[in-house]
Amino acid sequence: ADTKKIAVIAGDGIGPEVVAEAIKVMKKTEELYGLSFEFEHGLFGGIAIDEKGTPLPQETLDMCKAADAVLLGAVGGPKWDNNPKELRPETGLLGIRKALGLFSNIRPAKIFDCLKDASTLKPEVLEGTDLIVVRELTGGIYFGDKFRREGANGEEAVDTCVYNVHEVERIVRQAFEIARTRRKKLASVDKANVLETSRLWREVVNRIAPEYPDVELEHVLVDNCAMQLLRRPASFDVIVTENMFGDILSDEAAMLTGSIGMLSSASLGEGAFGLYEPVHGSAPDIAGQGIANPIATILSVALMYRLTFGYHEAAQSIEDAVASVLDAGHRTADIATDRSKAVGTQQMGDLIVAAMK
Ligand code: NAD
Ligand code: IPM
Ligand code: MN
C-alpha cells in the first residue's frame, strides 16, 4: 500500500500515554485494512525545552512539514509554567499551528448514548447532542502583539486582538461547507455588542451567508452561547467562532460528552494535510498514573483517516470499536460512575483494538 508518513509529537504529561494507544489503533488498521504508516517521533513542548532549549525545535517542525499528517499528544506542565514566553510549551503549540497554516480547528462533540450518565448534565438535556465547534486557530488575541508597559498607575499588560477579512472569510466558508454536509444549521458566535473584531466577523458572515441559502444561520453572542450550550445543546449543529471563544466553548462542549477525555480535534489548512490532537491538555494531575482516557486521541485518528486520507472504512471501524467498548460498560476513571471498576489507559486501548473489525 501507499505508505503515509505520520509525524508523532507526543509532548508532555499524559501526551505520550494517550498517543501510544492511538498508535496501537493505527497499527491494527494496517492489519485490518491494508494501510501502511511510517511513524517518525519528534521532541515537542516541555520535553523539547529540556532537551533542546526550545519548545518547537526546527527539526521537529521540518519533520512535521515533510509528513502527510501530524499526531500530537499534549504539551505543558507546572515545571515550565513560570518560564518566559519563548520557553513555554504552549508557545510551541501556537508556533506549530501558525507555521503549518492550520487556521481551522474542528472539534466535534457527539454524545455516545451509553455515556449520558457520565455527564454532569441531565440525560434528557443531552439527548441528540451532536455538534461541531469550528474554531479559528491562527488569529485573534492569541497572535496579536503582547507587551508590558509602564502606565500612569504602574505596570500594565497588553494583548491585542486582530482579525482581517481574509482570515474570517476562510474559516466562515469552511464552517458553512461543513454545515451543508450535516443538519444545515450554523451558529456564528461573537461579541459584536462590544468588540470591533466581532463586528467585522459578523459583517463577513452576513456577506457570505447568501452563498449558502440552504444553511440556516444564527448569530449568538458568546456569553449567551455559553449558556445555551448547557440549556439546549442538541439544537446546535455547527458553531463557528474566533480563536479564544472557540477554546473556551469547546472545553464546555466536552462536558456534554461526559469528559474532556472524549473530545477529538483536527486542525486543517487549505489542503488535506492536518494535525490531529485531543482537545484536552497534558493533565499534570493524573500524568504518569496510567489512568488517562485515550479515547479523545483515538477518535482524533478517526478524524485523520476521514479528513486527510479518506480512509472512511477504517475510521468507521475505530468509531464503532469505541462505541462497542463503551456499550460493554468499560470506562476509564473520568467517565466511570463506579471508579473502582475503571480500566487504565493501556487497557482501554487494548479493549478498543480487540473490538476493531
Ligand atoms: P487539561 O485538559 O490538561 O486538564 C483538565 C482536567 O481534565 C484535569 O483534571 C485532567 O486530569 C482532566 N483530563 C484531561 N484530559 C484527560 C484525559 N484524557 N483523561 C482523563 N482526564 C483528563 O487542562 P489544564 O489542567 O488546564 O492544563 C494542563 C496543562 O496542559 C497546561 O500546561 C496547559 O497549558 C496544557 N494544555 C495543553 C493543551 C494542548 O497541548 N493542546 C490543551 C490544553 C491545555
Ligand atoms: C487547546 C489549548 C491551547 C489553546 C493552549 C495550551 C495554548 O488550550 O489546544 O485548546 O488555547 O489553544
Ligand atoms: Mn483549550
# chains A, B, ... in the order shown; residues from 1 in each chain; ligands from 1
call {"tool": "residues_near_ligand", "arguments": {"ligand": "ligand 1", "cutoff": "7 Å", "atoms": "only C-alpha atoms and all ligand atoms", "output": "ChimeraX atom specification"}}
result
/A:73-78,81,90,93,260-261,277-286,291-294,296,333-334
call {"tool": "select_by_dssp", "arguments": {"residues": "stretch 27-202 of chain A", "states": "helix (DSSP H, G or I)", "output": "short mmCIF file (atom, residue, chain, number, x, y, z; two decimals) with C-alpha atoms, in the first residue's frame"}}
result
data_model
loop_
_atom_site.label_atom_id
_atom_site.label_comp_id
_atom_site.auth_asym_id
_atom_site.auth_seq_id
_atom_site.Cartn_x
_atom_site.Cartn_y
_atom_site.Cartn_z
CA LYS A 27 -1.25 -0.41 13.62
CA LYS A 28 -4.37 -2.52 13.95
CA THR A 29 -5.90 -0.73 10.95
CA GLU A 30 -2.73 -1.55 8.97
CA GLU A 31 -3.51 -5.21 9.60
CA LEU A 32 -7.25 -4.99 9.03
CA TYR A 33 -7.40 -2.59 6.10
CA GLY A 46 8.28 20.97 27.67
CA ILE A 47 10.40 17.94 26.90
CA ALA A 48 11.87 19.80 23.90
CA ILE A 49 12.63 22.80 26.13
CA ASP A 50 14.52 20.47 28.48
CA GLU A 51 16.42 18.66 25.75
CA LYS A 52 16.82 21.26 23.01
CA GLN A 58 13.47 23.27 13.83
CA GLU A 59 13.97 19.53 13.18
CA THR A 60 10.56 18.78 14.69
CA LEU A 61 8.90 21.41 12.52
CA ASP A 62 10.73 20.11 9.42
CA MET A 63 9.63 16.56 10.25
CA CYS A 64 6.00 17.73 10.52
CA LYS A 65 6.23 19.62 7.23
CA ALA A 66 7.56 16.53 5.48
CA PRO A 78 3.95 23.06 36.15
CA LYS A 79 7.67 22.67 35.51
CA TRP A 80 7.53 25.25 32.70
CA LYS A 85 7.06 33.22 26.72
CA GLU A 86 9.67 31.79 24.30
CA LEU A 87 10.41 28.97 26.73
CA PRO A 89 5.44 24.65 25.85
CA GLU A 90 2.25 26.44 24.80
CA THR A 91 4.29 28.83 22.65
CA GLY A 92 5.45 25.80 20.69
CA LEU A 93 1.86 24.71 20.16
CA LEU A 94 0.82 28.11 18.82
CA GLY A 95 4.01 28.16 16.74
CA ILE A 96 3.35 24.84 15.05
CA ARG A 97 -0.27 25.74 14.22
CA LYS A 98 0.90 29.02 12.67
CA ALA A 99 3.90 27.56 10.86
CA ASP A 113 -25.80 7.22 24.19
CA CYS A 114 -24.39 4.98 26.89
CA LEU A 115 -22.40 7.92 28.30
CA PRO A 123 -29.58 12.86 30.26
CA GLU A 124 -32.78 14.33 28.79
CA VAL A 125 -30.99 17.63 28.10
CA LEU A 126 -28.16 15.81 26.32
CA GLY A 140 -7.16 36.81 17.24
CA ILE A 141 -5.86 37.61 20.68
CA TYR A 142 -3.59 34.55 20.71
CA VAL A 165 -11.33 39.98 6.42
CA HIS A 166 -9.45 37.16 4.71
CA GLU A 167 -8.94 35.27 7.99
CA VAL A 168 -12.63 35.49 8.83
CA GLU A 169 -13.80 34.60 5.32
CA ARG A 170 -11.82 31.37 5.03
CA ILE A 171 -12.93 29.94 8.38
CA VAL A 172 -16.54 31.01 7.92
CA ARG A 173 -16.69 29.46 4.42
CA GLN A 174 -15.34 26.23 5.84
CA ALA A 175 -17.97 26.22 8.55
CA PHE A 176 -20.77 26.82 6.04
CA GLU A 177 -19.41 23.95 3.92
CA ILE A 178 -19.37 21.62 6.93
CA ALA A 179 -22.89 22.68 7.94
CA ARG A 180 -24.02 21.83 4.42
CA GLU A 196 -14.62 45.62 16.85
CA THR A 197 -13.13 42.30 15.67
CA SER A 198 -16.54 40.73 16.33
CA ARG A 199 -18.33 43.41 14.34
CA LEU A 200 -16.03 42.71 11.39
CA TRP A 201 -16.63 38.99 11.92
CA ARG A 202 -20.39 39.44 11.80
#
call {"tool": "residues_near_ligand", "arguments": {"ligand": "ligand 3", "cutoff": "9 Å", "atoms": "only C-alpha atoms and all ligand atoms", "output": "count of residues only"}}
result
10
call {"tool": "closest_residue", "arguments": {"among": "A:Val215, A:Val70, A:Ala314, A:Leu263", "to": "A:Ala10", "atoms": "only C-alpha atoms"}}
result
A:Val70
call {"tool": "residues_around", "arguments": {"residues": "stretch 227-229 of chain A", "least_positions_apart": "2", "cutoff": "10 Å", "atoms": "only C-alpha atoms", "output": "short mmCIF file (atom, residue, chain, number, x, y, z; two decimals) with N, CA and C atoms, in the first residue's frame"}}
result
data_model
loop_
_atom_site.label_atom_id
_atom_site.label_comp_id
_atom_site.auth_asym_id
_atom_site.auth_seq_id
_atom_site.Cartn_x
_atom_site.Cartn_y
_atom_site.Cartn_z
N LEU A 126 -29.24 16.19 27.23
CA LEU A 126 -28.16 15.81 26.32
C LEU A 126 -28.63 15.05 25.09
N THR A 129 -27.44 15.26 21.29
CA THR A 129 -26.35 16.24 21.11
C THR A 129 -25.32 15.74 20.10
N VAL A 220 -25.02 34.38 17.57
CA VAL A 220 -25.20 34.23 19.01
C VAL A 220 -24.05 34.93 19.72
N VAL A 222 -21.36 35.45 22.56
CA VAL A 222 -20.62 34.35 23.19
C VAL A 222 -21.10 34.03 24.61
N ASP A 223 -21.48 35.03 25.36
CA ASP A 223 -21.94 34.75 26.73
C ASP A 223 -23.25 33.97 26.69
N ASN A 224 -24.12 34.38 25.80
CA ASN A 224 -25.38 33.66 25.63
C ASN A 224 -25.12 32.23 25.13
N CYS A 225 -24.16 32.10 24.21
CA CYS A 225 -23.85 30.77 23.67
C CYS A 225 -23.37 29.83 24.78
N ARG A 231 -28.16 24.71 28.06
CA ARG A 231 -29.62 24.72 28.10
C ARG A 231 -30.21 23.86 26.99
N ARG A 232 -29.65 23.99 25.77
CA ARG A 232 -30.22 23.29 24.62
C ARG A 232 -29.11 22.78 23.69
N PRO A 233 -28.21 21.92 24.23
CA PRO A 233 -27.05 21.50 23.43
C PRO A 233 -27.45 20.83 22.12
N ALA A 234 -28.54 20.08 22.13
CA ALA A 234 -28.91 19.30 20.94
C ALA A 234 -29.35 20.19 19.79
N SER A 235 -29.68 21.44 20.07
CA SER A 235 -30.14 22.31 18.98
C SER A 235 -28.99 22.87 18.15
N PHE A 236 -27.74 22.74 18.63
CA PHE A 236 -26.61 23.23 17.85
C PHE A 236 -26.14 22.19 16.85
N LEU A 249 -15.39 27.56 24.53
CA LEU A 249 -16.65 26.85 24.28
C LEU A 249 -16.43 25.37 24.02
N GLU A 252 -16.18 23.56 27.22
CA GLU A 252 -17.53 23.46 27.79
C GLU A 252 -18.30 22.35 27.08
N ALA A 253 -18.19 22.32 25.76
CA ALA A 253 -18.90 21.29 24.98
C ALA A 253 -18.42 19.89 25.36
N LEU A 256 -20.50 17.96 27.66
CA LEU A 256 -21.75 17.38 27.14
C LEU A 256 -21.52 15.91 26.81
#
call {"tool": "residues_around", "arguments": {"residues": "A:Ala67", "least_positions_apart": "3", "cutoff": "6 Å", "atoms": "only C-alpha atoms", "output": "PDB file with C-alpha atoms, in the first residue's frame"}}
result
ATOM      1  CA  LYS A   5       4.266   9.431   6.882  1.00  0.00           C
ATOM      2  CA  ILE A   6       2.972  10.307  10.319  1.00  0.00           C
ATOM      3  CA  ALA A   7       4.878  12.806  12.438  1.00  0.00           C
ATOM      4  CA  CYS A  64       6.003  17.728  10.516  1.00  0.00           C
TER       5      CYS A  64
END
call {"tool": "closest_residue", "arguments": {"among": "A:Val158, A:Leu56, A:Leu71, A:Met26", "to": "A:Ala315", "atoms": "only C-alpha atoms"}}
result
A:Met26
call {"tool": "residues_around", "arguments": {"residues": "A:Lys341", "least_positions_apart": "5", "cutoff": "10 Å", "atoms": "only C-alpha atoms", "output": "PyMOL selection string"}}
result
chain A and resi 329-333+336
call {"tool": "write_last_selection", "arguments": {"atoms": "N, CA and C atoms", "output": "PDB file, in the first residue's frame"}}
result
ATOM      1  N   GLY A 329     -19.681  -1.390  28.708  1.00  0.00           N
ATOM      2  CA  GLY A 329     -19.567  -0.917  30.089  1.00  0.00           C
ATOM      3  C   GLY A 329     -18.158  -0.572  30.535  1.00  0.00           C
ATOM      4  N   HIS A 330     -17.179  -0.682  29.643  1.00  0.00           N
ATOM      5  CA  HIS A 330     -15.806  -0.344  30.038  1.00  0.00           C
ATOM      6  C   HIS A 330     -15.640   1.163  30.132  1.00  0.00           C
ATOM      7  N   ARG A 331     -15.003   1.595  31.199  1.00  0.00           N
ATOM      8  CA  ARG A 331     -14.848   3.039  31.444  1.00  0.00           C
ATOM      9  C   ARG A 331     -13.474   3.340  32.011  1.00  0.00           C
ATOM     10  N   THR A 332     -12.858   4.429  31.540  1.00  0.00           N
ATOM     11  CA  THR A 332     -11.719   4.979  32.267  1.00  0.00           C
ATOM     12  C   THR A 332     -12.304   5.815  33.415  1.00  0.00           C
ATOM     13  N   ALA A 333     -11.442   6.205  34.360  1.00  0.00           N
ATOM     14  CA  ALA A 333     -11.936   6.838  35.593  1.00  0.00           C
ATOM     15  C   ALA A 333     -12.760   8.104  35.332  1.00  0.00           C
ATOM     16  N   ALA A 336     -16.263   7.044  34.483  1.00  0.00           N
ATOM     17  CA  ALA A 336     -16.823   5.931  35.254  1.00  0.00           C
ATOM     18  C   ALA A 336     -17.803   6.431  36.310  1.00  0.00           C
TER      19      ALA A 336
END
call {"tool": "atom_distance", "arguments": {"atom1": "atom CA of A:His41", "atom2": "atom CA of A:Pro16"}}
result
10.8 Å
call {"tool": "select_by_dssp", "arguments": {"residues": "stretch 130-314 of chain A", "states": "strand (DSSP E or B)", "output": "PyMOL selection string"}}
result
chain A and resi 130-136+146-151+154-159+185-190+216-221+238-241+264-268+274-278
call {"tool": "closest_residue", "arguments": {"among": "A:Ser300, A:Thr181, A:Ser340, A:Thr138", "to": "ligand 2", "atoms": "only C-alpha atoms and all ligand atoms"}}
result
A:Thr138
call {"tool": "atom_distance", "arguments": {"atom1": "atom CA of A:Ser324", "atom2": "atom CA of A:Ile352"}}
result
8.3 Å
call {"tool": "closest_residue", "arguments": {"among": "A:Leu326, A:Leu121, A:Ala69, A:Ile295", "to": "A:Ile9", "atoms": "only C-alpha atoms"}}
result
A:Ala69
call {"tool": "residues_around", "arguments": {"residues": "A:Ala287", "least_positions_apart": "6", "cutoff": "10 Å", "atoms": "only C-alpha atoms", "output": "PDB file with N, CA and C atoms, in the first residue's frame"}}
result
ATOM      1  N   ASP A  12       4.088  16.247  26.474  1.00  0.00           N
ATOM      2  CA  ASP A  12       4.298  16.146  27.923  1.00  0.00           C
ATOM      3  C   ASP A  12       3.121  15.485  28.647  1.00  0.00           C
ATOM      4  N   GLY A  13       3.339  15.211  29.928  1.00  0.00           N
ATOM      5  CA  GLY A  13       2.252  14.716  30.783  1.00  0.00           C
ATOM      6  C   GLY A  13       1.629  13.458  30.220  1.00  0.00           C
ATOM      7  N   ILE A  14       0.304  13.459  30.099  1.00  0.00           N
ATOM      8  CA  ILE A  14      -0.376  12.276  29.561  1.00  0.00           C
ATOM      9  C   ILE A  14      -0.246  12.178  28.038  1.00  0.00           C
ATOM     10  N   GLY A  15       0.363  13.182  27.391  1.00  0.00           N
ATOM     11  CA  GLY A  15       0.510  13.156  25.931  1.00  0.00           C
ATOM     12  C   GLY A  15       1.055  11.819  25.423  1.00  0.00           C
ATOM     13  N   PRO A  16       2.254  11.417  25.891  1.00  0.00           N
ATOM     14  CA  PRO A  16       2.824  10.150  25.419  1.00  0.00           C
ATOM     15  C   PRO A  16       1.955   8.930  25.781  1.00  0.00           C
ATOM     16  N   GLU A  17       1.251   8.992  26.901  1.00  0.00           N
ATOM     17  CA  GLU A  17       0.419   7.853  27.315  1.00  0.00           C
ATOM     18  C   GLU A  17      -0.747   7.640  26.353  1.00  0.00           C
ATOM     19  N   GLY A  77       2.975  21.891  31.551  1.00  0.00           N
ATOM     20  CA  GLY A  77       3.088  21.323  32.893  1.00  0.00           C
ATOM     21  C   GLY A  77       3.677  22.348  33.834  1.00  0.00           C
TER      22      GLY A  77
END
call {"tool": "closest_residue", "arguments": {"among": "A:Ser267, A:Gln289, A:Ser36, A:Thr337", "to": "ligand 2", "atoms": "only C-alpha atoms and all ligand atoms"}}
result
A:Ser267
